[in-house]
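Enquirer: Encoded as structure tokens, here's the structure I'll be asking about.
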Amino acid sequence: MRRLCILVVIENDTNPTRQRGRTLHGAPPRIKSMERSPSLARRVSVGQSSCRGLTLLEVLLSLALFLGALAVLSQLWYSGVRASMQSQLRTQAVLRCESKLNEVVAGAVPLQPVSDVPFEDDSSWTWNMQVLPGPHSDVWLVIVNVAHSGQGGLSSSGHQLSRLIRNPQVWINAQQTSTDDQK
């Protein structure tokens, strides 16, 4: 709430030659400044008897509003950090899973079931592989899972890819048959 303070300077005029606010020479009466006679000045305020600053209630209310806004902004910031971390982990899980499945297809990793094997570059990431019979006799279904175990839900992530792969034994048998036929 804003209060208006008015400063009024009053001059005690005892000169009988002045008539209705004018001197005999026609000049208006002088108003003394506060610097010259501070004893003649008095304060008149509109509303209350003195001008004050903010009340304690107003300070506490503004502090509560500020702290509430700060709490909301910190929650928004934490949600953004958590979403960013999850996005990074998901992307890394997809890339690791594709890489491991490509190693299996290329023959760098044997086509055998494994479980919870840590990656060589980062032991917090593990992978496992399942080899199941496919829809045909010479096709296998290979499922690769990659997981990152972290503290709580913030740093846990995982991904799974599956692919049909022709049985490598069929290729080996076909190659041996063709070499035997050439002899």
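Following the order of the structure tokens, chains are lettered A, B, ..., residues in each are numbered from 1, and ligands are numbered from 1.
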Excluding same-chain residues fewer than 4 positions from Ala147 in chain A, what lies within 6 Å of it counting only C-alpha atoms, as a list in words?
Expert: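 The contact residues come out as Trp125, Thr126, Ser157 and Gly158 of chain A.
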Enquirer: Considering only C-alpha atoms, return as a PDB file with N, CA and C atoms, in the first residue's frame whatever protein or nucleic-acid residues lie within 9 Å of range 160-175 of chain A, sequence-local ones (same chain, fewer than 2 positions apart) excluded.
Expert:
```
ATOM      1  N   ALA A  93      22.254 -47.317 -25.506  1.00  0.00           N
ATOM      2  CA  ALA A  93      21.799 -48.710 -25.458  1.00  0.00           C
ATOM      3  C   ALA A  93      21.493 -49.225 -26.865  1.00  0.00           C
ATOM      4  N   VAL A  94      20.847 -48.410 -27.690  1.00  0.00           N
ATOM      5  CA  VAL A  94      20.536 -48.828 -29.065  1.00  0.00           C
ATOM      6  C   VAL A  94      21.820 -49.053 -29.855  1.00  0.00           C
ATOM      7  N   CYS A  97      23.584 -52.237 -28.645  1.00  0.00           N
ATOM      8  CA  CYS A  97      22.844 -53.438 -29.049  1.00  0.00           C
ATOM      9  C   CYS A  97      23.046 -53.721 -30.540  1.00  0.00           C
ATOM     10  N   GLU A  98      22.964 -52.705 -31.370  1.00  0.00           N
ATOM     11  CA  GLU A  98      23.207 -52.897 -32.812  1.00  0.00           C
ATOM     12  C   GLU A  98      24.630 -53.370 -33.070  1.00  0.00           C
ATOM     13  N   LEU A 101      24.935 -57.089 -32.069  1.00  0.00           N
ATOM     14  CA  LEU A 101      24.242 -57.951 -33.023  1.00  0.00           C
ATOM     15  C   LEU A 101      25.005 -58.031 -34.338  1.00  0.00           C
ATOM     16  N   VAL A 105      26.458 -61.403 -36.276  1.00  0.00           N
ATOM     17  CA  VAL A 105      26.215 -61.691 -37.687  1.00  0.00           C
ATOM     18  C   VAL A 105      27.538 -61.860 -38.440  1.00  0.00           C
ATOM     19  N   LEU A 111      27.984 -67.935 -31.990  1.00  0.00           N
ATOM     20  CA  LEU A 111      26.516 -67.997 -31.957  1.00  0.00           C
ATOM     21  C   LEU A 111      26.083 -68.969 -30.854  1.00  0.00           C
ATOM     22  N   GLY A 134      14.403 -70.848 -35.350  1.00  0.00           N
ATOM     23  CA  GLY A 134      13.597 -69.928 -36.132  1.00  0.00           C
ATOM     24  C   GLY A 134      12.409 -70.619 -36.785  1.00  0.00           C
ATOM     25  N   PRO A 135      11.741 -69.935 -37.700  1.00  0.00           N
ATOM     26  CA  PRO A 135      10.560 -70.492 -38.350  1.00  0.00           C
ATOM     27  C   PRO A 135      10.895 -71.613 -39.345  1.00  0.00           C
ATOM     28  N   SER A 137      13.997 -74.703 -40.617  1.00  0.00           N
ATOM     29  CA  SER A 137      14.993 -75.586 -39.998  1.00  0.00           C
ATOM     30  C   SER A 137      16.409 -75.024 -40.076  1.00  0.00           C
ATOM     31  N   ASP A 138      16.703 -74.214 -41.058  1.00  0.00           N
ATOM     32  CA  ASP A 138      18.070 -73.689 -41.191  1.00  0.00           C
ATOM     33  C   ASP A 138      18.209 -72.222 -40.753  1.00  0.00           C
ATOM     34  N   VAL A 139      17.229 -71.712 -39.988  1.00  0.00           N
ATOM     35  CA  VAL A 139      17.247 -70.311 -39.532  1.00  0.00           C
ATOM     36  C   VAL A 139      17.123 -70.293 -38.013  1.00  0.00           C
ATOM     37  N   TRP A 140      17.925 -69.421 -37.391  1.00  0.00           N
ATOM     38  CA  TRP A 140      17.855 -69.220 -35.940  1.00  0.00           C
ATOM     39  C   TRP A 140      17.390 -67.807 -35.636  1.00  0.00           C
ATOM     40  N   LEU A 141      16.735 -67.676 -34.518  1.00  0.00           N
ATOM     41  CA  LEU A 141      16.323 -66.365 -34.024  1.00  0.00           C
ATOM     42  C   LEU A 141      17.312 -65.954 -32.931  1.00  0.00           C
ATOM     43  N   VAL A 142      18.030 -64.868 -33.157  1.00  0.00           N
ATOM     44  CA  VAL A 142      19.021 -64.375 -32.196  1.00  0.00           C
ATOM     45  C   VAL A 142      18.461 -63.109 -31.548  1.00  0.00           C
ATOM     46  N   ILE A 143      18.416 -63.114 -30.227  1.00  0.00           N
ATOM     47  CA  ILE A 143      17.920 -61.966 -29.458  1.00  0.00           C
ATOM     48  C   ILE A 143      19.067 -61.444 -28.593  1.00  0.00           C
ATOM     49  N   VAL A 144      19.398 -60.169 -28.770  1.00  0.00           N
ATOM     50  CA  VAL A 144      20.465 -59.528 -27.998  1.00  0.00           C
ATOM     51  C   VAL A 144      19.830 -58.460 -27.100  1.00  0.00           C
ATOM     52  N   ASN A 145      20.134 -58.545 -25.807  1.00  0.00           N
ATOM     53  CA  ASN A 145      19.672 -57.557 -24.816  1.00  0.00           C
ATOM     54  C   ASN A 145      20.878 -56.801 -24.277  1.00  0.00           C
ATOM     55  N   VAL A 146      20.741 -55.488 -24.160  1.00  0.00           N
ATOM     56  CA  VAL A 146      21.771 -54.646 -23.566  1.00  0.00           C
ATOM     57  C   VAL A 146      21.124 -53.892 -22.414  1.00  0.00           C
ATOM     58  N   ALA A 147      21.819 -53.830 -21.277  1.00  0.00           N
ATOM     59  CA  ALA A 147      21.258 -53.155 -20.097  1.00  0.00           C
ATOM     60  C   ALA A 147      22.334 -52.340 -19.395  1.00  0.00           C
ATOM     61  N   GLY A 158      17.898 -49.888 -21.086  1.00  0.00           N
ATOM     62  CA  GLY A 158      18.127 -51.147 -21.776  1.00  0.00           C
ATOM     63  C   GLY A 158      17.475 -51.143 -23.146  1.00  0.00           C
ATOM     64  N   THR A 177      30.495 -80.129 -49.125  1.00  0.00           N
ATOM     65  CA  THR A 177      29.919 -80.933 -50.194  1.00  0.00           C
ATOM     66  C   THR A 177      30.476 -80.500 -51.549  1.00  0.00           C
ATOM     67  N   SER A 178      30.626 -79.183 -51.725  1.00  0.00           N
ATOM     68  CA  SER A 178      31.144 -78.705 -53.013  1.00  0.00           C
ATOM     69  C   SER A 178      32.628 -79.050 -53.177  1.00  0.00           C
ATOM     70  N   THR A 179      33.386 -79.066 -52.109  1.00  0.00           N
ATOM     71  CA  THR A 179      34.807 -79.447 -52.223  1.00  0.00           C
ATOM     72  C   THR A 179      34.948 -80.931 -52.438  1.00  0.00           C
ATOM     73  N   ASP A 180      34.057 -81.739 -51.867  1.00  0.00           N
ATOM     74  CA  ASP A 180      34.105 -83.187 -52.075  1.00  0.00           C
ATOM     75  C   ASP A 180      33.719 -83.532 -53.507  1.00  0.00           C
TER      76      ASP A 180
END
```
Enquirer: As number ranges by chain, which residues of range 93-174 of chain A does DSSP assign to strand (DSSP E or B)?
Expert: A: 114-118, 125-133, 139-148, 157-166
